[in-house]
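Student: See structure-v9.cif below, with mmCIF, C-alpha atoms.
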```cif
data_model
loop_
_atom_site.label_atom_id
_atom_site.label_comp_id
_atom_site.auth_asym_id
_atom_site.auth_seq_id
_atom_site.Cartn_x
_atom_site.Cartn_y
_atom_site.Cartn_z
CA MET A 1 31.86 14.27 34.01
CA VAL A 2 28.52 13.07 32.71
CA THR A 3 28.40 12.92 28.93
CA GLN A 4 25.41 13.95 26.84
CA GLU A 5 24.74 10.30 25.96
CA GLN A 6 24.83 9.26 29.65
CA ARG A 7 22.47 12.11 30.55
CA ARG A 8 20.07 11.09 27.75
CA ARG A 9 19.98 7.51 28.99
CA GLN A 10 19.49 8.69 32.57
CA LEU A 11 16.52 10.81 31.51
CA ALA A 12 15.05 7.87 29.61
CA ARG A 13 15.34 5.62 32.66
CA GLU A 14 13.79 8.27 34.93
CA LYS A 15 10.91 8.65 32.51
CA PHE A 16 10.51 4.88 32.49
CA LEU A 17 10.23 4.77 36.29
CA ARG A 18 7.62 7.54 36.30
CA GLN A 19 5.58 5.66 33.73
CA GLN A 20 5.78 2.45 35.72
CA GLN A 21 4.46 4.24 38.79
CA ARG A 22 1.57 5.77 36.84
CA ARG A 23 0.64 2.43 35.28
CA THR A 24 0.75 0.62 38.62
CA SER A 25 -1.58 3.24 40.07
CA ALA A 26 -3.86 2.98 37.04
CA ARG A 27 -4.01 -0.82 37.31
CA ARG A 28 -5.00 -0.56 40.97
CA LYS A 29 -7.79 1.88 40.16
CA ALA A 30 -8.98 -0.33 37.31
CA ARG A 31 -9.09 -3.38 39.57
CA MET A 32 -11.05 -1.47 42.22
CA ARG A 33 -13.49 -0.21 39.61
CA ASN A 34 -13.97 -3.65 38.10
CA ALA A 35 -14.51 -5.18 41.51
CA ALA A 36 -17.20 -2.65 42.30
CA ILE A 37 -18.95 -3.25 38.99
CA ALA A 38 -18.84 -7.01 39.49
CA SER A 39 -20.33 -6.64 42.96
CA VAL A 40 -23.21 -4.53 41.75
CA LEU A 41 -24.02 -6.67 38.75
CA GLY A 42 -23.41 -9.98 40.48
CA VAL A 43 -21.14 -11.28 37.74
CA ILE A 44 -17.66 -12.76 37.67
CA LEU A 45 -15.13 -10.98 35.52
CA ILE A 46 -13.73 -13.75 33.34
CA GLY A 47 -9.98 -14.00 32.94
CA SER A 48 -9.02 -11.45 35.61
CA VAL A 49 -7.54 -9.28 32.87
CA ALA A 50 -6.39 -6.47 35.14
CA LEU A 51 -4.50 -8.94 37.33
CA TYR A 52 -2.82 -11.08 34.73
CA THR A 53 -1.94 -9.00 31.69
CA THR A 54 1.77 -8.56 31.22
CA GLY A 55 4.27 -6.97 28.90
CA VAL A 56 7.05 -4.54 28.37
CA VAL A 57 5.20 -1.50 27.04
CA LEU A 58 7.21 1.40 25.82
CA GLY A 59 4.81 4.26 26.54
CA ASP A 60 5.53 7.94 25.92
CA ASP A 61 2.65 9.71 27.60
CA ASP A 62 0.06 9.54 30.37
CA THR A 63 -2.66 8.03 28.18
CA THR A 64 -1.11 4.55 28.17
CA ASN A 65 -3.61 1.71 28.58
CA ALA A 66 -4.15 1.09 32.30
CA ASN A 67 -3.54 -2.64 31.87
CA ALA A 68 -0.30 -2.19 29.94
CA GLU A 69 3.12 -2.87 31.40
CA ALA A 70 6.24 -0.82 31.74
CA THR A 71 9.65 -0.55 30.14
CA PRO A 72 11.71 2.49 29.13
CA SER A 73 10.18 4.96 26.73
CA ALA A 74 11.55 6.06 23.41
CA SER A 75 10.79 8.68 20.80
CA ALA A 76 9.14 7.59 17.57
CA SER A 77 11.02 7.96 14.33
CA THR A 78 9.73 9.13 11.00
CA LYS A 79 7.58 6.98 8.75
CA ALA A 80 9.58 4.62 6.57
CA ALA A 81 8.78 2.11 3.86
CA ASP A 82 7.48 -1.26 5.01
CA PRO A 83 10.17 -3.89 4.28
CA CYS A 84 8.00 -6.87 5.21
CA ASP A 85 5.49 -9.12 3.49
CA LYS A 86 1.76 -9.40 4.04
CA PRO A 87 0.69 -11.62 6.96
CA ALA A 88 -0.43 -15.18 6.32
CA GLU A 89 -4.14 -15.81 6.41
CA GLY A 90 -5.51 -16.76 9.81
CA GLU A 91 -6.89 -15.36 13.03
CA VAL A 92 -5.40 -14.79 16.45
CA LYS A 93 -6.57 -17.30 19.03
CA THR A 94 -8.21 -15.92 22.16
CA GLN A 95 -7.98 -18.89 24.51
CA THR A 96 -6.59 -18.27 27.99
CA TRP A 97 -5.77 -20.52 30.93
CA LYS A 98 -6.24 -20.08 34.66
CA LYS A 99 -2.89 -21.43 35.78
CA GLU A 100 0.65 -22.02 34.55
CA PRO A 101 0.99 -25.25 32.54
CA ALA A 102 2.49 -28.29 34.23
CA MET A 103 6.25 -28.50 33.95
CA THR A 104 7.28 -30.81 31.12
CA VAL A 105 10.44 -29.11 29.93
CA ASP A 106 13.68 -31.08 30.11
CA LYS A 107 16.24 -28.74 31.67
CA SER A 108 19.12 -30.79 30.27
CA ALA A 109 17.89 -30.58 26.67
CA LYS A 110 18.30 -27.86 24.06
CA TYR A 111 15.24 -25.95 22.88
CA THR A 112 14.87 -23.58 19.96
CA MET A 113 12.00 -21.23 19.21
CA LYS A 114 11.39 -20.21 15.61
CA LEU A 115 9.34 -17.11 14.91
CA ALA A 116 8.29 -17.27 11.28
CA THR A 117 7.45 -13.61 10.76
CA THR A 118 6.36 -11.50 7.83
CA CYS A 119 9.85 -9.97 7.90
CA GLY A 120 11.80 -13.23 7.98
CA ASP A 121 12.54 -16.09 10.36
CA ILE A 122 13.90 -15.32 13.82
CA ASP A 123 15.50 -18.34 15.51
CA ILE A 124 16.03 -18.17 19.27
CA ALA A 125 18.15 -20.53 21.38
CA LEU A 126 16.19 -20.97 24.63
CA LYS A 127 17.74 -21.27 28.10
CA ALA A 128 15.77 -24.18 29.52
CA ASP A 129 18.30 -24.84 32.28
CA ALA A 130 18.31 -21.25 33.57
CA ALA A 131 14.66 -20.30 32.90
CA PRO A 132 12.68 -23.56 32.92
CA HIS A 133 9.30 -22.04 33.81
CA THR A 134 9.60 -19.49 31.02
CA VAL A 135 10.72 -21.98 28.38
CA ASN A 136 8.05 -24.45 29.49
CA SER A 137 5.39 -21.77 29.14
CA PHE A 138 6.55 -20.74 25.68
CA ALA A 139 6.64 -24.35 24.52
CA PHE A 140 3.08 -24.78 25.80
CA LEU A 141 1.76 -21.58 24.23
CA ALA A 142 3.50 -22.16 20.90
CA GLY A 143 2.04 -25.66 20.82
CA LYS A 144 -1.42 -24.16 21.26
CA GLY A 145 -0.87 -21.68 18.40
CA PHE A 146 -1.16 -18.80 20.88
CA PHE A 147 1.42 -16.61 19.13
CA ASP A 148 0.30 -17.34 15.57
CA HIS A 149 -0.93 -14.29 13.62
CA THR A 150 -0.06 -11.90 16.46
CA LYS A 151 1.53 -8.52 15.83
CA CYS A 152 4.76 -7.31 17.36
CA HIS A 153 3.15 -4.12 18.57
CA ARG A 154 5.99 -2.03 19.91
CA LEU A 155 9.40 -0.84 18.70
CA THR A 156 11.65 1.49 20.68
CA PRO A 157 14.28 3.30 18.59
CA GLU A 158 15.83 5.47 21.31
CA GLY A 159 17.08 5.01 24.89
CA ILE A 160 16.57 1.27 24.69
CA TYR A 161 16.35 -0.76 21.50
CA VAL A 162 13.78 -3.53 21.61
CA LEU A 163 10.94 -5.08 19.64
CA GLN A 164 7.99 -6.17 21.78
CA CYS A 165 5.82 -9.15 20.82
CA GLY A 166 3.62 -11.85 22.33
CA ASP A 167 0.36 -9.99 22.93
CA PRO A 168 -2.66 -11.53 21.18
CA GLU A 169 -4.51 -8.24 21.59
CA GLY A 170 -1.74 -6.22 19.97
CA THR A 171 -2.10 -3.45 22.54
CA GLY A 172 0.32 -4.32 25.31
CA ALA A 173 -2.53 -5.43 27.58
CA GLY A 174 -2.97 -9.07 26.54
CA GLY A 175 -1.72 -12.29 28.04
CA PRO A 176 -2.37 -16.01 28.52
CA GLY A 177 -4.45 -15.64 31.69
CA TYR A 178 -1.71 -16.92 34.03
CA THR A 179 1.62 -15.63 35.26
CA ILE A 180 5.05 -17.21 35.61
CA PRO A 181 7.89 -16.44 38.02
CA ASP A 182 10.89 -14.25 37.28
CA GLU A 183 13.97 -16.32 36.51
CA ASN A 184 17.64 -16.00 35.62
CA LEU A 185 17.93 -12.37 36.74
CA LYS A 186 21.60 -12.94 37.58
CA ASP A 187 22.46 -14.20 34.11
CA GLY A 188 26.12 -13.69 33.33
CA SER A 189 25.27 -11.81 30.13
CA LEU A 190 23.64 -8.96 32.09
CA LYS A 191 26.67 -6.89 32.97
CA GLY A 192 26.52 -3.24 34.00
CA ASN A 193 22.71 -3.17 33.76
CA VAL A 194 22.92 -3.81 30.03
CA TYR A 195 20.83 -6.31 28.08
CA PRO A 196 23.11 -7.07 25.13
CA ALA A 197 21.92 -7.22 21.54
CA GLY A 198 20.37 -10.58 20.78
CA THR A 199 18.82 -11.04 24.22
CA VAL A 200 15.21 -12.22 24.42
CA ALA A 201 13.60 -11.37 27.74
CA MET A 202 10.22 -11.44 29.44
CA ALA A 203 7.92 -8.53 29.98
CA ASN A 204 6.43 -8.09 33.44
CA GLN A 205 4.69 -5.65 35.77
CA TYR A 206 7.56 -5.01 38.15
CA ASN A 207 7.80 -1.47 39.50
CA ALA A 208 11.30 -0.76 40.78
CA GLN A 209 10.15 2.23 42.82
CA THR A 210 7.48 0.38 44.78
CA GLN A 211 9.17 -3.02 44.44
CA GLU A 212 5.80 -4.48 43.50
CA GLY A 213 4.96 -6.75 40.58
CA ARG A 214 7.47 -9.55 40.83
CA ASP A 215 6.63 -12.87 39.14
CA THR A 216 4.11 -11.34 36.74
CA GLY A 217 5.44 -12.60 33.42
CA GLY A 218 2.87 -13.82 30.92
CA SER A 219 3.26 -14.14 27.16
CA GLN A 220 4.78 -10.79 26.18
CA PHE A 221 8.50 -10.65 25.50
CA PHE A 222 11.04 -8.34 23.91
CA LEU A 223 13.93 -8.86 21.53
CA VAL A 224 16.94 -6.59 21.96
CA TYR A 225 18.39 -5.48 18.62
CA GLN A 226 21.05 -3.16 20.10
CA ASP A 227 22.69 -3.11 23.54
CA SER A 228 20.16 -1.55 25.92
CA GLN A 229 20.67 -0.25 29.43
CA LEU A 230 18.03 -1.80 31.70
CA PRO A 231 18.00 -3.01 35.29
CA PRO A 232 18.12 -6.83 35.59
CA ASP A 233 14.39 -7.15 36.30
CA TYR A 234 13.30 -8.96 33.13
CA THR A 235 13.87 -12.70 32.73
CA PRO A 236 16.44 -13.34 29.96
CA PHE A 237 15.47 -16.66 28.44
CA GLY A 238 16.89 -16.78 24.93
CA THR A 239 19.42 -15.55 22.39
CA VAL A 240 18.64 -14.59 18.79
CA SER A 241 20.67 -16.24 16.03
CA ASP A 242 22.87 -14.21 13.68
CA GLU A 243 20.31 -14.61 10.89
CA GLY A 244 17.56 -13.54 13.25
CA MET A 245 19.53 -10.42 14.18
CA THR A 246 19.62 -9.48 10.50
CA VAL A 247 15.82 -9.62 10.47
CA LEU A 248 15.57 -7.62 13.69
CA LYS A 249 17.85 -4.90 12.36
CA LYS A 250 15.80 -4.70 9.17
CA ILE A 251 12.71 -4.12 11.27
CA ALA A 252 14.47 -1.53 13.41
CA ALA A 253 15.83 0.31 10.37
CA ALA A 254 12.27 0.98 9.21
CA GLY A 255 11.65 2.93 12.41
CA ALA A 256 8.59 3.40 14.59
CA GLN A 257 5.32 5.27 14.33
CA GLU A 258 4.10 8.10 16.53
CA PRO A 259 2.67 6.96 19.91
CA ASP A 260 -0.88 5.65 19.77
CA PRO A 261 -3.05 8.08 21.80
CA THR A 262 -4.95 5.21 23.42
CA THR A 263 -2.23 2.71 24.28
CA GLY A 264 0.96 4.78 24.05
CA ASN A 265 2.46 2.15 21.74
CA THR A 266 5.05 3.18 19.16
CA ALA A 267 4.29 0.50 16.60
CA PRO A 268 7.00 -0.49 14.14
CA ASN A 269 6.64 0.91 10.64
CA ALA A 270 7.33 -2.61 9.43
CA THR A 271 4.35 -4.97 9.44
CA VAL A 272 5.78 -7.43 11.95
CA VAL A 273 3.41 -10.37 12.39
CA ILE A 274 4.32 -13.78 13.76
CA ASP A 275 2.76 -16.08 11.18
CA LYS A 276 3.84 -19.16 13.14
CA ALA A 277 5.76 -19.81 16.35
CA THR A 278 7.25 -23.21 17.10
CA VAL A 279 9.40 -24.56 19.92
CA THR A 280 11.48 -27.67 19.22
CA LYS A 281 13.59 -29.88 21.46
CA SER A 282 16.89 -31.39 20.41
#
```
Would you encode the structure as structure tokens?
Tutor:
Amino acid sequence: MVTQEQRRRQLAREKFLRQQQRRTSARRKARMRNAAIASVLGVILIGSVALYTTGVVLGDDDTTNANAEATPSASASTKAADPCDKPAEGEVKTQTWKKEPAMTVDKSAKYTMKLATTCGDIDIALKADAAPHTVNSFAFLAGKGFFDHTKCHRLTPEGIYVLQCGDPEGTGAGGPGYTIPDENLKDGSLKGNVYPAGTVAMANQYNAQTQEGRDTGGSQFFLVYQDSQLPPDYTPFGTVSDEGMTVLKKIAAAGAQEPDPTTGNTAPNATVVIDKATVTKS
């Protein structure tokens, strides 16, 4: 017999799939429209935004940004007090690159990513051996200051339980200009279509219904603060430390805002900004 909780999760996943299909269709229309405009004006659209933006976007309605990416939806919670500090002074960098950086990561070494956020430090043990392209990309982007001063723009408090970060635009539509392949989708931690608490995984544009959008990871990623039922379609590339989980749970406890009518984002009530991201090798 299906329990109420199982039915709720099933409905959330079905809603997620519908949203993915709508966003894929919207991206296609946007690309066709941009191509037509470029042809008429005789200009080159710099950055190929519609082709390369990536991210797990937790939309709740049909008005989600056409360039945003898909992941299960969740209802917003009530407004809560902000438990975090003010962001450090500085501006988000807008540089993008045309292709994935050259591989320099040492798959036999240990790598750690530190997210110094307004809510506290989040340390992440990276899986360079299992997801070398992903770790290499994050080391490159962190070294360029790509993540510095960026907002974590999405929090899902129902159905799945993740905090989404890594978009310099703060909308769910931004990225580094290049894509990286999916990796480590058969990680031993992903049992029963569950991403366990503490998992850090990549956002992408994969649509399970159409089976389109593989290998479309960019810079957006999500941190799982409570076990979340998801198909193994998102590269797991790190694990949050115990201290980092305390920070994540503090952010989650503050809840999420109502969906933005333009992007569909349910922003966290907490002011979650990555003041500085660093990747170190040991």
Student: Tell me which of A:Lys249, A:Gly174, A:Gly120, A:Gln229 sits closest to A:Gln10, counting all atoms listed in the file.
Tutor: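 Between A:Lys249, A:Gly174, A:Gly120, A:Gln229, the residue approaching A:Gln10 most closely is A:Gln229.
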Student: For this structure, which residues satisfy the selection - the PyMOL selection byres ((chain A and resi 149) around 10) - when it is evaluated on the file as given? I want them as a PDB file with C-alpha atoms, in the coordinates of the input.
Tutor:
```pdb
ATOM      1  CA  PRO A  87       0.690 -11.620   6.960  1.00  0.00           C
ATOM      2  CA  ALA A  88      -0.430 -15.180   6.320  1.00  0.00           C
ATOM      3  CA  GLU A  89      -4.140 -15.810   6.410  1.00  0.00           C
ATOM      4  CA  GLY A  90      -5.510 -16.760   9.810  1.00  0.00           C
ATOM      5  CA  GLU A  91      -6.890 -15.360  13.030  1.00  0.00           C
ATOM      6  CA  VAL A  92      -5.400 -14.790  16.450  1.00  0.00           C
ATOM      7  CA  LYS A  93      -6.570 -17.300  19.030  1.00  0.00           C
ATOM      8  CA  ALA A 116       8.290 -17.270  11.280  1.00  0.00           C
ATOM      9  CA  THR A 117       7.450 -13.610  10.760  1.00  0.00           C
ATOM     10  CA  THR A 118       6.360 -11.500   7.830  1.00  0.00           C
ATOM     11  CA  GLY A 145      -0.870 -21.680  18.400  1.00  0.00           C
ATOM     12  CA  PHE A 146      -1.160 -18.800  20.880  1.00  0.00           C
ATOM     13  CA  PHE A 147       1.420 -16.610  19.130  1.00  0.00           C
ATOM     14  CA  ASP A 148       0.300 -17.340  15.570  1.00  0.00           C
ATOM     15  CA  THR A 150      -0.060 -11.900  16.460  1.00  0.00           C
ATOM     16  CA  LYS A 151       1.530  -8.520  15.830  1.00  0.00           C
ATOM     17  CA  CYS A 152       4.760  -7.310  17.360  1.00  0.00           C
ATOM     18  CA  PRO A 168      -2.660 -11.530  21.180  1.00  0.00           C
ATOM     19  CA  VAL A 272       5.780  -7.430  11.950  1.00  0.00           C
ATOM     20  CA  VAL A 273       3.410 -10.370  12.390  1.00  0.00           C
ATOM     21  CA  ILE A 274       4.320 -13.780  13.760  1.00  0.00           C
ATOM     22  CA  ASP A 275       2.760 -16.080  11.180  1.00  0.00           C
ATOM     23  CA  LYS A 276       3.840 -19.160  13.140  1.00  0.00           C
ATOM     24  CA  ALA A 277       5.760 -19.810  16.350  1.00  0.00           C
TER      25      ALA A 277
END
```
Student: With the file shown as input, list the residues that the PyMOL selection byres ((chain A and resi 99) around 8) selects, as a ChimeraX atom specification.
Tutor: /A:97-98,100-101,177-179
Student: My list of candidates is A:Lys250, A:Arg214, A:His153, A:Lys110. Which is closest to A:Ala128 when distances are computed with all atoms listed in the file?
Tutor: A:Lys110
Student: Using all atoms listed in the file, find the one residue out of A:Leu141, A:Cys119, A:Ala254, A:Leu190 that sits nearest to A:Gln220.
Tutor: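 For A:Gln220, the nearest of the given residues is A:Leu141.
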Student: Given the file above and the PyMOL selection byres ((chain A and resi 155) around 8), which residues are selected, and can you give them as a CSV table (one decimal) with C-alpha atoms, in the frame of the given file?
Tutor:
```csv
chain,number,residue,atom,x,y,z
A,58,LEU,CA,7.2,1.4,25.8
A,153,HIS,CA,3.2,-4.1,18.6
A,154,ARG,CA,6.0,-2.0,19.9
A,156,THR,CA,11.6,1.5,20.7
A,157,PRO,CA,14.3,3.3,18.6
A,161,TYR,CA,16.4,-0.8,21.5
A,162,VAL,CA,13.8,-3.5,21.6
A,163,LEU,CA,10.9,-5.1,19.6
A,164,GLN,CA,8.0,-6.2,21.8
A,252,ALA,CA,14.5,-1.5,13.4
A,255,GLY,CA,11.6,2.9,12.4
A,256,ALA,CA,8.6,3.4,14.6
A,266,THR,CA,5.0,3.2,19.2
A,267,ALA,CA,4.3,0.5,16.6
A,268,PRO,CA,7.0,-0.5,14.1
```
Student: Between stretch 92-188 of chain A and stretch 232-240 of chain A, at 12 Å or less, what are the per-residue closest atom pairs and their distances in Å? Count all atoms listed in the file, order by chain and rising residue number, and return it as a Markdown table.
Tutor:
```
| residue | atom | partner | partner_atom | distance |
| --- | --- | --- | --- | --- |
| A:Lys110 | CA | A:Gly238 | CA | 11.2 |
| A:Tyr111 | CA | A:Gly238 | CA | 9.5 |
| A:Thr112 | CA | A:Gly238 | CA | 8.7 |
| A:Met113 | CA | A:Gly238 | CA | 8.7 |
| A:Lys114 | CA | A:Val240 | CA | 9.7 |
| A:Leu115 | CA | A:Val240 | CA | 10.4 |
| A:Asp121 | CA | A:Val240 | CA | 10.5 |
| A:Ile122 | CA | A:Val240 | CA | 6.9 |
| A:Asp123 | CA | A:Val240 | CA | 5.9 |
| A:Ile124 | CA | A:Val240 | CA | 4.5 |
| A:Ala125 | CA | A:Thr239 | CA | 5.2 |
| A:Leu126 | CA | A:Gly238 | CA | 4.3 |
| A:Lys127 | CA | A:Phe237 | CA | 5.1 |
| A:Ala128 | CA | A:Phe237 | CA | 7.6 |
| A:Asp129 | CA | A:Phe237 | CA | 9.5 |
| A:Ala130 | CA | A:Phe237 | CA | 7.4 |
| A:Ala131 | CA | A:Phe237 | CA | 5.8 |
| A:Pro132 | CA | A:Phe237 | CA | 8.7 |
| A:His133 | CA | A:Phe237 | CA | 9.8 |
| A:Thr134 | CA | A:Phe237 | CA | 7.0 |
| A:Val135 | CA | A:Phe237 | CA | 7.1 |
| A:Asn136 | CA | A:Phe237 | CA | 10.8 |
| A:Ser137 | CA | A:Phe237 | CA | 11.3 |
| A:Phe138 | CA | A:Phe237 | CA | 10.2 |
| A:Ile180 | CA | A:Thr235 | CA | 10.3 |
| A:Pro181 | CA | A:Thr235 | CA | 8.8 |
| A:Asp182 | CA | A:Thr235 | CA | 5.7 |
| A:Glu183 | CA | A:Thr235 | CA | 5.2 |
| A:Asn184 | CA | A:Thr235 | CA | 5.8 |
| A:Leu185 | CA | A:Pro232 | CA | 5.7 |
| A:Lys186 | CA | A:Pro232 | CA | 7.3 |
| A:Asp187 | CA | A:Pro236 | CA | 7.4 |
| A:Gly188 | CA | A:Pro236 | CA | 10.3 |
```
Student: Can I get the selected residues back with C-alpha atoms, as a short mmCIF file (atom, residue, chain, number, x, y, z; two decimals), in the frame of the given file?
Tutor:
```cif
data_model
loop_
_atom_site.label_atom_id
_atom_site.label_comp_id
_atom_site.auth_asym_id
_atom_site.auth_seq_id
_atom_site.Cartn_x
_atom_site.Cartn_y
_atom_site.Cartn_z
CA LYS A 110 18.30 -27.86 24.06
CA TYR A 111 15.24 -25.95 22.88
CA THR A 112 14.87 -23.58 19.96
CA MET A 113 12.00 -21.23 19.21
CA LYS A 114 11.39 -20.21 15.61
CA LEU A 115 9.34 -17.11 14.91
CA ASP A 121 12.54 -16.09 10.36
CA ILE A 122 13.90 -15.32 13.82
CA ASP A 123 15.50 -18.34 15.51
CA ILE A 124 16.03 -18.17 19.27
CA ALA A 125 18.15 -20.53 21.38
CA LEU A 126 16.19 -20.97 24.63
CA LYS A 127 17.74 -21.27 28.10
CA ALA A 128 15.77 -24.18 29.52
CA ASP A 129 18.30 -24.84 32.28
CA ALA A 130 18.31 -21.25 33.57
CA ALA A 131 14.66 -20.30 32.90
CA PRO A 132 12.68 -23.56 32.92
CA HIS A 133 9.30 -22.04 33.81
CA THR A 134 9.60 -19.49 31.02
CA VAL A 135 10.72 -21.98 28.38
CA ASN A 136 8.05 -24.45 29.49
CA SER A 137 5.39 -21.77 29.14
CA PHE A 138 6.55 -20.74 25.68
CA ILE A 180 5.05 -17.21 35.61
CA PRO A 181 7.89 -16.44 38.02
CA ASP A 182 10.89 -14.25 37.28
CA GLU A 183 13.97 -16.32 36.51
CA ASN A 184 17.64 -16.00 35.62
CA LEU A 185 17.93 -12.37 36.74
CA LYS A 186 21.60 -12.94 37.58
CA ASP A 187 22.46 -14.20 34.11
CA GLY A 188 26.12 -13.69 33.33
#
```
Student: Of the candidates A:Pro83, A:Ser241, A:Ala139, A:Ala201, which shows the shortest atom-to-atom distance to A:Ser189, using only C-alpha atoms?
Tutor: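 Of all the options, A:Ala201 lies closest to A:Ser189.
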Student: Just the number, please: distance in Å from atom CA of A:Thr96 to atom CA of A:Gly170, one decimal.
Tutor: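 Value for the atom CA of A:Thr96-atom CA of A:Gly170 distance: 15.3 Å.
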Student: So what do you get for atom CA of A:Ala253 versus atom CA of A:Asn269, distance-wise?
Tutor: 9.2 Å
Student: Rounded to one decimal, what separation in Å do you get between atom CA of A:Phe140 and atom CA of A:Ser282?
Tutor: 16.2 Å
